[in-house]
file entry_37.cif (mmCIF, C-alpha atoms)
data_input
loop_
_atom_site.group_PDB
_atom_site.id
_atom_site.type_symbol
_atom_site.label_atom_id
_atom_site.label_comp_id
_atom_site.auth_asym_id
_atom_site.auth_seq_id
_atom_site.Cartn_x
_atom_site.Cartn_y
_atom_site.Cartn_z
ATOM 1 C CA MET A 1 -3.935 -24.945 10.069
ATOM 2 C CA LEU A 2 -3.113 -21.896 12.180
ATOM 3 C CA THR A 3 0.095 -20.222 11.082
ATOM 4 C CA ASP A 4 0.593 -18.055 14.161
ATOM 5 C CA LEU A 5 -1.030 -17.203 17.497
ATOM 6 C CA THR A 6 -4.600 -18.122 18.387
ATOM 7 C CA GLU A 7 -7.199 -15.390 18.005
ATOM 8 C CA ALA A 8 -7.191 -14.843 21.778
ATOM 9 C CA GLY A 9 -3.413 -14.483 21.688
ATOM 10 C CA LEU A 10 -3.624 -11.971 18.856
ATOM 11 C CA TRP A 11 -5.804 -9.649 20.919
ATOM 12 C CA GLU A 12 -3.133 -9.729 23.641
ATOM 13 C CA TYR A 13 -0.100 -9.381 21.364
ATOM 14 C CA ARG A 14 1.750 -6.050 21.078
ATOM 15 C CA SER A 15 4.549 -5.384 18.606
ATOM 16 C CA GLN A 16 8.052 -4.620 19.797
ATOM 17 C CA ALA A 17 8.993 -2.954 16.495
ATOM 18 C CA GLN A 18 11.774 -0.431 16.981
ATOM 19 C CA GLU A 19 11.302 3.103 15.699
ATOM 20 C CA PRO A 20 14.204 5.140 14.293
ATOM 21 C CA ALA A 21 14.772 8.434 16.074
ATOM 22 C CA ASP A 22 14.636 10.397 12.815
ATOM 23 C CA PHE A 23 11.567 8.636 11.351
ATOM 24 C CA ASP A 24 9.510 11.829 11.006
ATOM 25 C CA GLU A 25 12.421 13.856 9.640
ATOM 26 C CA PHE A 26 13.199 11.113 7.116
ATOM 27 C CA TRP A 27 9.707 11.149 5.637
ATOM 28 C CA LYS A 28 9.349 14.923 5.816
ATOM 29 C CA GLY A 29 12.593 15.364 3.896
ATOM 30 C CA THR A 30 11.758 12.608 1.421
ATOM 31 C CA LEU A 31 8.399 14.151 0.513
ATOM 32 C CA GLU A 32 9.752 17.692 0.363
ATOM 33 C CA GLU A 33 12.396 16.475 -2.062
ATOM 34 C CA ALA A 34 9.789 14.718 -4.210
ATOM 35 C CA ARG A 35 7.569 17.803 -4.279
ATOM 36 C CA GLU A 36 10.356 19.880 -5.765
ATOM 37 C CA HIS A 37 9.065 18.310 -8.989
ATOM 38 C CA PRO A 38 5.564 19.299 -10.194
ATOM 39 C CA VAL A 39 3.233 16.307 -9.952
ATOM 40 C CA ALA A 40 2.031 17.129 -13.474
ATOM 41 C CA ALA A 41 -0.970 14.797 -13.346
ATOM 42 C CA ARG A 42 -2.636 14.211 -16.682
ATOM 43 C CA VAL A 43 -5.198 11.799 -18.107
ATOM 44 C CA GLU A 44 -5.963 10.593 -21.622
ATOM 45 C CA PRO A 45 -9.297 8.935 -22.487
ATOM 46 C CA VAL A 46 -9.134 5.206 -23.244
ATOM 47 C CA ARG A 47 -11.755 3.371 -25.280
ATOM 48 C CA THR A 48 -12.763 0.116 -23.610
ATOM 49 C CA GLY A 49 -16.146 -0.606 -25.149
ATOM 50 C CA LEU A 50 -17.864 -0.230 -21.774
ATOM 51 C CA SER A 51 -20.899 2.058 -21.741
ATOM 52 C CA THR A 52 -21.284 2.564 -17.986
ATOM 53 C CA LEU A 53 -17.712 3.610 -17.146
ATOM 54 C CA GLU A 54 -15.206 6.129 -18.477
ATOM 55 C CA HIS A 55 -11.534 5.103 -18.476
ATOM 56 C CA PHE A 56 -8.455 7.309 -18.543
ATOM 57 C CA ASP A 57 -4.747 6.507 -18.794
ATOM 58 C CA LEU A 58 -3.126 8.367 -15.878
ATOM 59 C CA THR A 59 0.423 9.709 -15.687
ATOM 60 C CA PHE A 60 2.001 11.653 -12.813
ATOM 61 C CA ALA A 61 5.416 12.406 -11.316
ATOM 62 C CA GLY A 62 6.400 10.192 -8.380
ATOM 63 C CA TYR A 63 9.692 9.825 -6.533
ATOM 64 C CA ALA A 64 12.432 12.054 -8.035
ATOM 65 C CA GLY A 65 9.921 13.355 -10.564
ATOM 66 C CA GLU A 66 9.909 9.971 -12.340
ATOM 67 C CA GLU A 67 6.890 9.067 -14.429
ATOM 68 C CA ILE A 68 4.321 6.789 -12.778
ATOM 69 C CA ARG A 69 1.382 5.330 -14.653
ATOM 70 C CA GLY A 70 -2.069 4.323 -13.527
ATOM 71 C CA TRP A 71 -5.764 4.311 -14.391
ATOM 72 C CA MET A 72 -8.578 6.672 -13.545
ATOM 73 C CA VAL A 73 -12.104 5.275 -13.922
ATOM 74 C CA ARG A 74 -15.404 7.107 -13.381
ATOM 75 C CA PRO A 75 -19.103 6.379 -13.790
ATOM 76 C CA ALA A 76 -20.128 7.489 -17.269
ATOM 77 C CA GLY A 77 -22.367 10.511 -17.704
ATOM 78 C CA ILE A 78 -21.852 11.967 -14.223
ATOM 79 C CA GLU A 79 -20.513 15.501 -14.058
ATOM 80 C CA GLY A 80 -18.738 17.148 -11.151
ATOM 81 C CA PRO A 81 -16.470 15.869 -8.382
ATOM 82 C CA LEU A 82 -17.077 12.485 -6.765
ATOM 83 C CA PRO A 83 -15.737 10.779 -3.644
ATOM 84 C CA THR A 84 -12.481 9.174 -4.724
ATOM 85 C CA VAL A 85 -10.756 5.898 -3.892
ATOM 86 C CA ILE A 86 -7.068 5.435 -4.678
ATOM 87 C CA GLN A 87 -6.121 1.761 -4.892
ATOM 88 C CA TYR A 88 -2.658 0.255 -4.484
ATOM 89 C CA ILE A 89 -1.701 -3.162 -5.845
ATOM 90 C CA GLY A 90 -0.109 -6.188 -4.188
ATOM 91 C CA TYR A 91 3.465 -7.452 -4.467
ATOM 92 C CA GLY A 92 4.597 -8.238 -7.991
ATOM 93 C CA GLY A 93 1.512 -6.726 -9.610
ATOM 94 C CA GLY A 94 0.876 -3.667 -11.726
ATOM 95 C CA ARG A 95 -2.131 -1.624 -12.746
ATOM 96 C CA GLY A 96 -3.420 -4.462 -14.930
ATOM 97 C CA SER A 97 -5.890 -4.166 -17.787
ATOM 98 C CA ALA A 98 -8.369 -1.325 -18.089
ATOM 99 C CA LEU A 99 -11.100 -3.973 -18.284
ATOM 100 C CA GLU A 100 -10.513 -5.422 -14.818
ATOM 101 C CA ASN A 101 -10.924 -3.982 -11.332
ATOM 102 C CA LEU A 102 -14.239 -2.210 -12.004
ATOM 103 C CA LEU A 103 -15.873 -2.375 -8.539
ATOM 104 C CA TRP A 104 -15.127 1.088 -7.191
ATOM 105 C CA ALA A 105 -16.177 3.117 -10.218
ATOM 106 C CA SER A 106 -19.269 0.948 -10.598
ATOM 107 C CA ALA A 107 -20.153 1.852 -6.999
ATOM 108 C CA GLY A 108 -20.057 5.566 -7.839
ATOM 109 C CA PHE A 109 -16.509 6.575 -6.938
ATOM 110 C CA THR A 110 -13.793 8.130 -9.002
ATOM 111 C CA HIS A 111 -11.310 5.252 -8.890
ATOM 112 C CA ILE A 112 -7.557 5.712 -9.288
ATOM 113 C CA VAL A 113 -5.206 2.719 -9.553
ATOM 114 C CA MET A 114 -1.453 3.268 -9.149
ATOM 115 C CA ASP A 115 0.995 1.147 -11.127
ATOM 116 C CA ASN A 116 3.878 -0.302 -9.062
ATOM 117 C CA ARG A 117 7.270 0.841 -10.330
ATOM 118 C CA GLY A 118 9.385 -2.082 -11.497
ATOM 119 C CA GLN A 119 6.678 -4.655 -10.714
ATOM 120 C CA GLY A 120 3.815 -6.055 -12.773
ATOM 121 C CA SER A 121 5.188 -9.425 -13.850
ATOM 122 C CA SER A 122 3.802 -12.030 -11.436
ATOM 123 C CA HIS A 123 0.169 -10.850 -11.755
ATOM 124 C CA ARG A 124 -1.628 -7.847 -13.250
ATOM 125 C CA PRO A 125 0.875 -6.485 -15.773
ATOM 126 C CA GLY A 126 2.508 -3.120 -15.180
ATOM 127 C CA VAL A 127 4.197 -0.529 -17.378
ATOM 128 C CA THR A 128 6.182 1.689 -14.969
ATOM 129 C CA PRO A 129 9.958 1.075 -14.736
ATOM 130 C CA ASP A 130 12.139 1.615 -11.674
ATOM 131 C CA PRO A 131 15.334 3.163 -13.060
ATOM 132 C CA HIS A 132 17.314 2.832 -9.814
ATOM 133 C CA GLY A 133 19.883 0.144 -9.163
ATOM 134 C CA SER A 134 21.118 -1.136 -5.806
ATOM 135 C CA GLY A 135 23.914 -2.997 -4.141
ATOM 136 C CA PRO A 136 23.810 -6.763 -3.622
ATOM 137 C CA SER A 137 20.235 -7.973 -3.155
ATOM 138 C CA TYR A 138 18.178 -11.150 -3.196
ATOM 139 C CA PRO A 139 15.736 -11.476 -6.142
ATOM 140 C CA GLY A 140 12.581 -9.497 -5.450
ATOM 141 C CA PHE A 141 12.193 -6.027 -3.952
ATOM 142 C CA MET A 142 12.636 -6.446 -0.205
ATOM 143 C CA THR A 143 16.437 -6.190 -0.140
ATOM 144 C CA ARG A 144 16.978 -3.661 -2.927
ATOM 145 C CA GLY A 145 19.018 -0.907 -1.292
ATOM 146 C CA ILE A 146 18.761 -2.579 2.119
ATOM 147 C CA SER A 147 22.003 -1.038 3.358
ATOM 148 C CA SER A 148 20.396 2.427 3.587
ATOM 149 C CA PRO A 149 16.849 3.779 3.977
ATOM 150 C CA GLN A 150 17.713 6.525 1.477
ATOM 151 C CA GLN A 151 18.447 3.894 -1.180
ATOM 152 C CA HIS A 152 15.762 1.327 -0.369
ATOM 153 C CA TYR A 153 13.145 0.417 -2.980
ATOM 154 C CA TYR A 154 10.246 1.108 -0.613
ATOM 155 C CA ARG A 155 11.313 4.715 -0.122
ATOM 156 C CA ARG A 156 10.590 5.222 -3.798
ATOM 157 C CA ILE A 157 7.283 3.353 -4.002
ATOM 158 C CA PHE A 158 5.945 4.789 -0.697
ATOM 159 C CA THR A 159 6.713 8.223 -2.127
ATOM 160 C CA ASP A 160 4.892 7.276 -5.336
ATOM 161 C CA ALA A 161 1.883 6.319 -3.195
ATOM 162 C CA VAL A 162 1.792 9.741 -1.532
ATOM 163 C CA ARG A 163 2.286 11.495 -4.855
ATOM 164 C CA ALA A 164 -0.692 9.578 -6.236
ATOM 165 C CA VAL A 165 -2.797 11.552 -3.729
ATOM 166 C CA ASP A 166 -1.115 14.767 -4.895
ATOM 167 C CA ALA A 167 -2.025 13.746 -8.451
ATOM 168 C CA ALA A 168 -5.656 13.053 -7.527
ATOM 169 C CA LEU A 169 -5.973 16.581 -6.155
ATOM 170 C CA GLU A 170 -5.135 17.934 -9.621
ATOM 171 C CA LEU A 171 -7.551 15.719 -11.562
ATOM 172 C CA PRO A 172 -11.068 16.565 -12.737
ATOM 173 C CA GLY A 173 -13.861 14.636 -11.074
ATOM 174 C CA VAL A 174 -12.105 14.301 -7.697
ATOM 175 C CA ASP A 175 -13.639 15.763 -4.545
ATOM 176 C CA PRO A 176 -10.543 16.853 -2.568
ATOM 177 C CA GLY A 177 -12.409 16.563 0.726
ATOM 178 C CA ARG A 178 -13.446 12.929 0.161
ATOM 179 C CA ILE A 179 -10.398 10.839 -0.687
ATOM 180 C CA GLY A 180 -9.939 7.315 0.655
ATOM 181 C CA VAL A 181 -7.208 4.736 0.043
ATOM 182 C CA VAL A 182 -7.456 0.964 -0.251
ATOM 183 C CA GLY A 183 -5.184 -2.002 -0.825
ATOM 184 C CA GLY A 184 -4.371 -5.565 0.135
ATOM 185 C CA SER A 185 -1.031 -7.088 1.134
ATOM 186 C CA GLN A 186 1.656 -4.773 -0.333
ATOM 187 C CA GLY A 187 -1.203 -2.580 -1.519
ATOM 188 C CA GLY A 188 -2.344 -2.335 2.092
ATOM 189 C CA ALA A 189 1.126 -1.180 3.127
ATOM 190 C CA LEU A 190 1.114 1.490 0.418
ATOM 191 C CA ALA A 191 -2.398 2.614 1.358
ATOM 192 C CA LEU A 192 -1.362 2.861 5.010
ATOM 193 C CA ALA A 193 1.670 4.964 4.062
ATOM 194 C CA ALA A 194 -0.454 7.297 1.940
ATOM 195 C CA SER A 195 -3.051 7.674 4.706
ATOM 196 C CA VAL A 196 -0.440 8.592 7.308
ATOM 197 C CA LEU A 197 1.853 10.727 5.147
ATOM 198 C CA HIS A 198 -0.763 12.738 3.211
ATOM 199 C CA PRO A 199 -3.146 15.041 5.146
ATOM 200 C CA GLN A 200 -5.872 14.963 2.468
ATOM 201 C CA VAL A 201 -6.658 11.258 2.924
ATOM 202 C CA ARG A 202 -9.840 10.765 4.950
ATOM 203 C CA ALA A 203 -10.119 6.967 5.364
ATOM 204 C CA LEU A 204 -8.148 3.737 4.944
ATOM 205 C CA ALA A 205 -9.232 0.190 3.995
ATOM 206 C CA CYS A 206 -6.306 -2.181 4.505
ATOM 207 C CA PHE A 207 -6.640 -5.932 3.830
ATOM 208 C CA VAL A 208 -4.111 -8.546 5.096
ATOM 209 C CA PRO A 209 -1.350 -5.891 5.076
ATOM 210 C CA PHE A 210 2.272 -6.623 4.272
ATOM 211 C CA LEU A 211 5.338 -4.790 5.668
ATOM 212 C CA SER A 212 4.259 -4.654 9.309
ATOM 213 C CA ASP A 213 6.189 -5.985 12.293
ATOM 214 C CA ILE A 214 8.831 -6.902 9.732
ATOM 215 C CA HIS A 215 11.459 -8.362 12.052
ATOM 216 C CA ARG A 216 8.929 -10.690 13.670
ATOM 217 C CA ALA A 217 7.621 -11.724 10.257
ATOM 218 C CA THR A 218 11.064 -12.905 9.141
ATOM 219 C CA LEU A 219 11.280 -15.155 12.211
ATOM 220 C CA ILE A 220 7.871 -16.853 11.962
ATOM 221 C CA THR A 221 7.291 -17.397 8.229
ATOM 222 C CA ASN A 222 9.405 -18.890 5.477
ATOM 223 C CA HIS A 223 7.120 -17.642 2.713
ATOM 224 C CA GLN A 224 7.898 -14.967 0.174
ATOM 225 C CA PRO A 225 8.313 -12.024 0.202
ATOM 226 C CA TYR A 226 9.592 -11.987 3.825
ATOM 227 C CA GLN A 227 11.788 -14.975 3.004
ATOM 228 C CA GLU A 228 13.794 -12.708 0.691
ATOM 229 C CA ILE A 229 15.152 -10.934 3.779
ATOM 230 C CA ALA A 230 16.114 -14.170 5.517
ATOM 231 C CA ALA A 231 17.768 -15.499 2.352
ATOM 232 C CA TYR A 232 19.786 -12.287 1.985
ATOM 233 C CA LEU A 233 20.884 -12.350 5.633
ATOM 234 C CA GLU A 234 21.840 -16.016 5.398
ATOM 235 C CA ASN A 235 24.715 -14.886 3.184
ATOM 236 C CA HIS A 236 25.234 -11.384 4.631
ATOM 237 C CA ARG A 237 25.492 -12.444 8.267
ATOM 238 C CA ASP A 238 27.057 -9.190 9.394
ATOM 239 C CA HIS A 239 24.256 -7.035 7.914
ATOM 240 C CA VAL A 240 21.421 -8.028 10.263
ATOM 241 C CA GLU A 241 21.389 -4.835 12.319
ATOM 242 C CA THR A 242 21.797 -2.618 9.252
ATOM 243 C CA ALA A 243 19.030 -4.425 7.363
ATOM 244 C CA PHE A 244 16.425 -4.095 10.084
ATOM 245 C CA SER A 245 17.442 -0.524 10.796
ATOM 246 C CA THR A 246 16.709 0.272 7.139
ATOM 247 C CA LEU A 247 13.416 -1.658 7.116
ATOM 248 C CA SER A 248 12.173 0.117 10.243
ATOM 249 C CA TYR A 249 11.547 3.246 8.151
ATOM 250 C CA PHE A 250 8.965 1.286 6.136
ATOM 251 C CA ASP A 251 7.397 -0.773 8.921
ATOM 252 C CA GLY A 252 3.643 -0.290 9.135
ATOM 253 C CA VAL A 253 3.761 -0.410 12.925
ATOM 254 C CA ASN A 254 5.812 2.788 13.006
ATOM 255 C CA LEU A 255 3.484 4.449 10.505
ATOM 256 C CA ALA A 256 0.413 3.299 12.440
ATOM 257 C CA ARG A 257 1.574 5.105 15.562
ATOM 258 C CA ARG A 258 1.020 8.348 13.601
ATOM 259 C CA ALA A 259 -2.406 7.521 12.170
ATOM 260 C CA THR A 260 -5.196 10.108 12.252
ATOM 261 C CA VAL A 261 -7.958 8.713 9.992
ATOM 262 C CA PRO A 262 -10.556 5.936 10.483
ATOM 263 C CA ALA A 263 -9.411 2.542 9.224
ATOM 264 C CA TRP A 264 -10.790 -0.886 8.355
ATOM 265 C CA PHE A 265 -8.406 -3.857 8.570
ATOM 266 C CA SER A 266 -8.607 -7.561 7.865
ATOM 267 C CA THR A 267 -6.421 -10.557 8.658
ATOM 268 C CA SER A 268 -6.588 -14.341 8.278
ATOM 269 C CA LEU A 269 -5.598 -16.885 10.912
ATOM 270 C CA MET A 270 -4.196 -19.267 8.289
ATOM 271 C CA ASP A 271 -2.176 -16.662 6.366
ATOM 272 C CA PRO A 272 1.466 -17.790 5.984
ATOM 273 C CA VAL A 273 2.462 -14.758 3.873
ATOM 274 C CA CYS A 274 1.457 -11.947 6.267
ATOM 275 C CA PRO A 275 1.080 -13.785 9.584
ATOM 276 C CA PRO A 276 -1.851 -12.484 11.640
ATOM 277 C CA SER A 277 0.284 -11.385 14.590
ATOM 278 C CA THR A 278 2.106 -8.956 12.299
ATOM 279 C CA VAL A 279 -1.254 -7.508 11.229
ATOM 280 C CA PHE A 280 -2.414 -7.269 14.831
ATOM 281 C CA GLY A 281 0.885 -5.608 15.727
ATOM 282 C CA LEU A 282 -0.066 -2.919 13.226
ATOM 283 C CA TYR A 283 -3.700 -2.838 14.331
ATOM 284 C CA HIS A 284 -2.940 -2.377 18.027
ATOM 285 C CA ALA A 285 -0.431 0.385 17.210
ATOM 286 C CA TYR A 286 -2.895 2.223 14.971
ATOM 287 C CA ALA A 287 -3.538 5.517 16.741
ATOM 288 C CA ALA A 288 -6.932 6.454 15.241
ATOM 289 C CA GLU A 289 -10.430 4.961 15.021
ATOM 290 C CA LYS A 290 -10.190 1.367 13.744
ATOM 291 C CA GLN A 291 -11.978 -1.911 13.112
ATOM 292 C CA ILE A 292 -10.659 -5.336 12.119
ATOM 293 C CA LYS A 293 -12.248 -8.404 10.553
ATOM 294 C CA VAL A 294 -10.666 -11.765 11.351
ATOM 295 C CA TRP A 295 -11.128 -14.572 8.819
ATOM 296 C CA GLN A 296 -10.633 -17.836 10.713
ATOM 297 C CA TYR A 297 -10.209 -20.328 7.864
ATOM 298 C CA ASN A 298 -8.547 -18.264 5.165
ATOM 299 C CA GLY A 299 -4.999 -17.723 3.996
ATOM 300 C CA HIS A 300 -3.499 -14.736 2.240
ATOM 301 C CA ILE A 301 -6.625 -14.247 0.177
ATOM 302 C CA GLY A 302 -8.213 -12.802 3.318
ATOM 303 C CA GLY A 303 -11.926 -12.464 2.843
ATOM 304 C CA GLY A 304 -11.605 -12.210 -0.938
ATOM 305 C CA ILE A 305 -14.680 -10.557 -2.363
ATOM 306 C CA GLU A 306 -16.094 -10.207 1.173
ATOM 307 C CA ASP A 307 -13.139 -8.004 2.084
ATOM 308 C CA GLU A 308 -14.003 -5.823 -0.900
ATOM 309 C CA ARG A 309 -17.667 -5.707 0.047
ATOM 310 C CA LEU A 310 -16.911 -4.707 3.636
ATOM 311 C CA GLY A 311 -14.267 -2.216 2.499
ATOM 312 C CA LEU A 312 -16.788 -0.695 0.109
ATOM 313 C CA GLU A 313 -19.355 -0.314 2.887
ATOM 314 C CA PHE A 314 -16.742 1.227 5.152
ATOM 315 C CA LEU A 315 -15.409 3.755 2.620
ATOM 316 C CA ARG A 316 -18.897 4.656 1.460
ATOM 317 C CA GLY A 317 -19.782 5.385 5.075
ATOM 318 C CA GLN A 318 -16.666 7.518 5.543
ATOM 319 C CA LEU A 319 -16.705 9.350 2.218
ATOM 320 C CA GLY A 320 -20.383 9.425 1.278
#
call {"tool": "encode", "arguments": {"input": "entry_37.cif", "output": "structure tokens"}}
result
Amino acid sequence: MLTDLTEAGLWEYRSQAQEPADFDEFWKGTLEEAREHPVAARVEPVRTGLSTLEHFDLTFAGYAGEEIRGWMVRPAGIEGPLPTVIQYIGYGGGRGSALENLLWASAGFTHIVMDNRGQGSSHRPGVTPDPHGSGPSYPGFMTRGISSPQQHYYRRIFTDAVRAVDAALELPGVDPGRIGVVGGSQGGALALAASVLHPQVRALACFVPFLSDIHRATLITNHQPYQEIAAYLENHRDHVETAFSTLSYFDGVNLARRATVPAWFSTSLMDPVCPPSTVFGLYHAYAAEKQIKVWQYNGHIGGGIEDERLGLEFLRGQLG
């Protein structure tokens, strides 16, 4: 069944997400601080037994210079720089096995996958720790450091996402003028952040994105991960204003207002995890060229493999 507005209502809906006055200064300062540490990107060959692809174990410095892991995969036997796609992974997941997620390199791109710090337990295993603690929080990542944007978990992982682009610019086989970013759900939020906060990104493919129109999401869905916020506020009744003030620095709607690159979006009318009005709130706020695909009878899977096919066509058209 529909989890939100009708499709006609979605085209009319506009987000009322509030923007902090120092949003731009916050992210400028955060990234300047991170870049005080050399990104120090390096890759080590990995044997997978595949003859058509070359795999590399990737390491680079993310937030606070902390080590972030990932994969780099390229078509075998091709010399020189290629158009590059950096992929970000959904909530709870990590970089996974070197033997999965082979679409982008098979299509002729240099493919970089970023591990999610502290995640990688609910699907696709990860190897990157998050060494930072926080005050009281509900299990999960949404309320870690929720009393301050400087301490919030998503400040660290958004910074990692931007630094992944910095890392790509140092790697062999990457064409610095043809970098795109892709992701679904949380991965879509990270891809959006990278596309807005890094000037070298040329295109964005963003499927059923999480972390947009966050306040509205907490009022219209009881599904995780947004339910983490409601559960926290159920017991911290006097923290509502502080919590949403913190989360506004990571809301995709506020990032979208600063967009400059072409984007492809998707949403599903039966998605209870990232309700479609929150995606359309982001989409309508997106300030650059954009397209969106609406899946009428799907949930949080979006279009599944069809999303990937359409995203591939879009990024190939943008990057060559």
call {"tool": "closest_residue", "arguments": {"input": "entry_37.cif", "among": "A:Pro75, A:Leu197, A:Pro172, A:Gly65", "to": "Lys28 in chain A", "atoms": "all atoms listed in the file"}}
result
A:Leu197
call {"tool": "resolve_selection", "arguments": {"input": "entry_37.cif", "expression": "the PyMOL selection byres ((chain A and resi 242-254) around 7)", "output": "ChimeraX atom specification"}}
result
/A:17-20,23,146-149,154,189,211-215,239-241,255-257,281-282,285
call {"tool": "residues_around", "arguments": {"input": "entry_37.cif", "residues": "Tyr138 in chain A", "least_positions_apart": "5", "cutoff": "12 Å", "atoms": "only C-alpha atoms", "output": "list in words"}}
result
Thr143, Arg144, Gly145, Ile146, Gln224, Pro225, Tyr226, Gln227, Glu228, Ile229, Ala230, Ala231, Tyr232, Leu233, Glu234, Asn235 and His236 of chain A
call {"tool": "closest_residue", "arguments": {"input": "entry_37.cif", "among": "A:Gly96, A:Pro176, A:Gly183, A:Pro275", "to": "His223 in chain A", "atoms": "all atoms listed in the file"}}
result
A:Pro275
call {"tool": "residues_near_point", "arguments": {"input": "entry_37.cif", "point": "(-20.3, 6.2, -7.9)", "cutoff": "10 Å", "atoms": "all atoms listed in the file", "output": "list in words"}}
result
Leu53, Arg74, Pro75, Ala76, Ile78, Leu82, Pro83, Thr84, Leu103, Trp104, Ala105, Ser106, Ala107, Gly108, Phe109, Thr110, His111, Arg316 and Gly320 of chain A
call {"tool": "atom_distance", "arguments": {"input": "entry_37.cif", "atom1": "CA of Cys274 in chain A", "atom2": "CA of Thr30 in chain A"}}
result
27.1 Å
call {"tool": "residues_near_point", "arguments": {"input": "entry_37.cif", "point": "(-5.7, -8.4, -15.7)", "cutoff": "10 Å", "atoms": "only C-alpha atoms", "output": "list in words"}}
result
Gly93, Gly94, Arg95, Gly96, Ser97, Ala98, Leu99, Glu100, Asn101, His123, Arg124, Pro125 and Gly126 of chain A
call {"tool": "atom_distance", "arguments": {"input": "entry_37.cif", "atom1": "CA of Asp57 in chain A", "atom2": "CA of Glu33 in chain A"}}
result
25.9 Å
call {"tool": "residues_around", "arguments": {"input": "entry_37.cif", "residues": "His284 in chain A", "least_positions_apart": "5", "cutoff": "9 Å", "atoms": "all atoms listed in the file", "output": "count of residues only"}}
result
7
call {"tool": "closest_residue", "arguments": {"input": "entry_37.cif", "among": "A:Ala288, A:Ala203, A:Val73, A:Leu171", "to": "Thr52 in chain A", "atoms": "only C-alpha atoms"}}
result
A:Val73
call {"tool": "residues_around", "arguments": {"input": "entry_37.cif", "residues": "Pro276 in chain A", "least_positions_apart": "4", "cutoff": "7 Å", "atoms": "only C-alpha atoms", "output": "VMD selection string"}}
result
chain A and resid 4 267 to 269 271 280
call {"tool": "resolve_selection", "arguments": {"input": "entry_37.cif", "expression": "the PyMOL selection byres ((chain A and resi 296) around 8)", "output": "VMD selection string"}}
result
chain A and resid 268 to 270 294 to 295 297 to 298
call {"tool": "resolve_selection", "arguments": {"input": "entry_37.cif", "expression": "the PyMOL selection byres ((chain A and resi 207) around 9)", "output": "list of chain:residue names"}}
result
A:Val182, A:Gly183, A:Gly184, A:Ser185, A:Gly187, A:Gly188, A:Ala205, A:Cys206, A:Val208, A:Pro209, A:Phe210, A:Trp264, A:Phe265, A:Ser266, A:Thr267, A:Gly302, A:Gly303, A:Asp307, A:Glu308, A:Gly311
call {"tool": "atom_distance", "arguments": {"input": "entry_37.cif", "atom1": "CA of Ser134 in chain A", "atom2": "CA of Pro38 in chain A"}}
result
26.1 Å
call {"tool": "axis_aligned_box", "arguments": {"input": "entry_37.cif", "around": "range 300-308 of chain A", "padding_each_side": "4 Å", "output": "lines of an AutoDock Vina configuration file"}}
result
center_x = -9.8
center_y = -10.3
center_z = 0.5
size_x = 20.6
size_y = 16.9
size_z = 13.7
call {"tool": "closest_residue", "arguments": {"input": "entry_37.cif", "among": "A:Glu306, A:Glu313, A:Glu67, A:Asp22", "to": "Asp130 in chain A", "atoms": "all atoms listed in the file"}}
result
A:Glu67
call {"tool": "build_atoms", "arguments": {"input": "entry_37.cif", "residues": "range 181-192 of chain A", "atoms": "N, CA and C atoms", "output": "PDB file, keeping the file's coordinate frame"}}
result
ATOM      1  N   VAL A 181      -8.221   5.606   0.645  1.00  0.00           N
ATOM      2  CA  VAL A 181      -7.208   4.736   0.043  1.00  0.00           C
ATOM      3  C   VAL A 181      -7.499   3.300   0.438  1.00  0.00           C
ATOM      4  N   VAL A 182      -7.151   2.372  -0.469  1.00  0.00           N
ATOM      5  CA  VAL A 182      -7.456   0.964  -0.251  1.00  0.00           C
ATOM      6  C   VAL A 182      -6.355   0.112  -0.856  1.00  0.00           C
ATOM      7  N   GLY A 183      -6.133  -1.061  -0.258  1.00  0.00           N
ATOM      8  CA  GLY A 183      -5.184  -2.002  -0.825  1.00  0.00           C
ATOM      9  C   GLY A 183      -5.093  -3.245   0.029  1.00  0.00           C
ATOM     10  N   GLY A 184      -4.597  -4.323  -0.575  1.00  0.00           N
ATOM     11  CA  GLY A 184      -4.371  -5.565   0.135  1.00  0.00           C
ATOM     12  C   GLY A 184      -2.931  -5.999   0.027  1.00  0.00           C
ATOM     13  N   SER A 185      -2.411  -6.606   1.076  1.00  0.00           N
ATOM     14  CA  SER A 185      -1.031  -7.088   1.134  1.00  0.00           C
ATOM     15  C   SER A 185      -0.070  -5.911   0.933  1.00  0.00           C
ATOM     16  N   GLN A 186       0.807  -5.940  -0.090  1.00  0.00           N
ATOM     17  CA  GLN A 186       1.656  -4.773  -0.333  1.00  0.00           C
ATOM     18  C   GLN A 186       0.810  -3.532  -0.587  1.00  0.00           C
ATOM     19  N   GLY A 187      -0.309  -3.710  -1.291  1.00  0.00           N
ATOM     20  CA  GLY A 187      -1.203  -2.580  -1.519  1.00  0.00           C
ATOM     21  C   GLY A 187      -1.725  -1.990  -0.225  1.00  0.00           C
ATOM     22  N   GLY A 188      -1.934  -2.834   0.782  1.00  0.00           N
ATOM     23  CA  GLY A 188      -2.344  -2.335   2.092  1.00  0.00           C
ATOM     24  C   GLY A 188      -1.255  -1.505   2.744  1.00  0.00           C
ATOM     25  N   ALA A 189       0.010  -1.953   2.580  1.00  0.00           N
ATOM     26  CA  ALA A 189       1.126  -1.180   3.127  1.00  0.00           C
ATOM     27  C   ALA A 189       1.228   0.182   2.460  1.00  0.00           C
ATOM     28  N   LEU A 190       1.047   0.226   1.136  1.00  0.00           N
ATOM     29  CA  LEU A 190       1.114   1.490   0.418  1.00  0.00           C
ATOM     30  C   LEU A 190      -0.054   2.403   0.791  1.00  0.00           C
ATOM     31  N   ALA A 191      -1.233   1.817   0.949  1.00  0.00           N
ATOM     32  CA  ALA A 191      -2.398   2.614   1.358  1.00  0.00           C
ATOM     33  C   ALA A 191      -2.189   3.191   2.753  1.00  0.00           C
ATOM     34  N   LEU A 192      -1.657   2.376   3.661  1.00  0.00           N
ATOM     35  CA  LEU A 192      -1.362   2.861   5.010  1.00  0.00           C
ATOM     36  C   LEU A 192      -0.388   4.030   4.946  1.00  0.00           C
TER      37      LEU A 192
END
